[in-house]
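Below is one structure, written out as structure tokens; comments come after it.
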Amino acid sequence: MEDLHFYPPKIKNIFLLILAVAGTVAFGALTIGGLLEMVWIAVLLGILPFLVFAGASYGLFFAVFRPEPYLLLTEEELTINAYARSPIPIKWDDILGYKLITQGGQQSVEIWLYNEEDYHDLFAVRHRKFNRFSHGKEFTPFVIAWGQVKRKDRAKLAYELDRRAFGDAWDAGEDPTG
């Protein structure tokens, strides 16, 4: 099997980066203006969106300018966020199944593992805490952001996930998940 690389959509991410930078500048100006004029409500209304937009700008900057793929599929494993400081390699044999889900208008592929605890150490403590905070409950951290795969590559990715995770069972027409 050949290694496959799936890259994020550059034009979409550049557009989102421009919006995030504009939001950072706008809410930064609101916050600084509030500080200079001592209008504390403006500071309070501006600081949280400023931090959110600044964080999004930071993340999108690296998504746009890094040459590494978002996903890497090798014979042995699927690597999510291959360009990140802490990529997540998942062995094909450890994948129980996956499901395309939509939350808040965003599609993602949630990956279920036979034993997720074996992989939890791959996540930094801050990511685990953020995931619990943002969703209010435990959930699988093994997610592929569908929008971070180029539109033209999504059908190939779906096919390769099936083929590599479930191999002969799919080829024989069986449902490997039971």
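Letters A, B, ... mark the chains of the structure tokens in the order given; residue numbers begin at 1 per chain; ligand numbers begin at 1, in order shown.
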
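Within 12 Å of A:Lys12, once only C-alpha atoms are used and residues closer than 6 positions along the same chain are dropped, the contacting residues are A:Ile18, A:Leu19, A:Leu60, A:Ala63, A:Val64, A:Gly147, A:Gln148, A:Val149, A:Lys150, A:Arg151.
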
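With only C-alpha atoms as the basis for measurement, A:Trp146 is the residue among A:Phe6, A:Tyr159, A:Trp146, A:Phe53 that approaches A:Ile101 most closely.
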
Pick from A:Leu78, A:Leu17, A:Leu4, A:Leu45, whichever lies nearest to A:Phe61 using only C-alpha atoms: A:Leu17

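Here atom CA of A:Thr102 is placed at a distance of 23.2 Å from atom CA of A:Ile14.
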
Atomic distance atom CA of A:Pro49 - atom CA of A:Phe27, expressed in Å with one decimal: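 Spanning atom CA of A:Pro49 to atom CA of A:Phe27 is a straight-line distance of 6.4 Å.
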
Which residues come within 8 Å of A:Phe142, counting only C-alpha atoms, excluding same-chain residues fewer than 6 positions away, as a compact mmCIF listing (two decimals) with C-alpha atoms, in the first residue's frame?
```txt
# COMPACT_ATOMS: atom_id res chain seq x y z
CA GLU A 110 -15.37 10.53 14.64
CA ILE A 111 -13.12 7.50 14.99
CA TRP A 112 -13.92 4.80 17.53
```
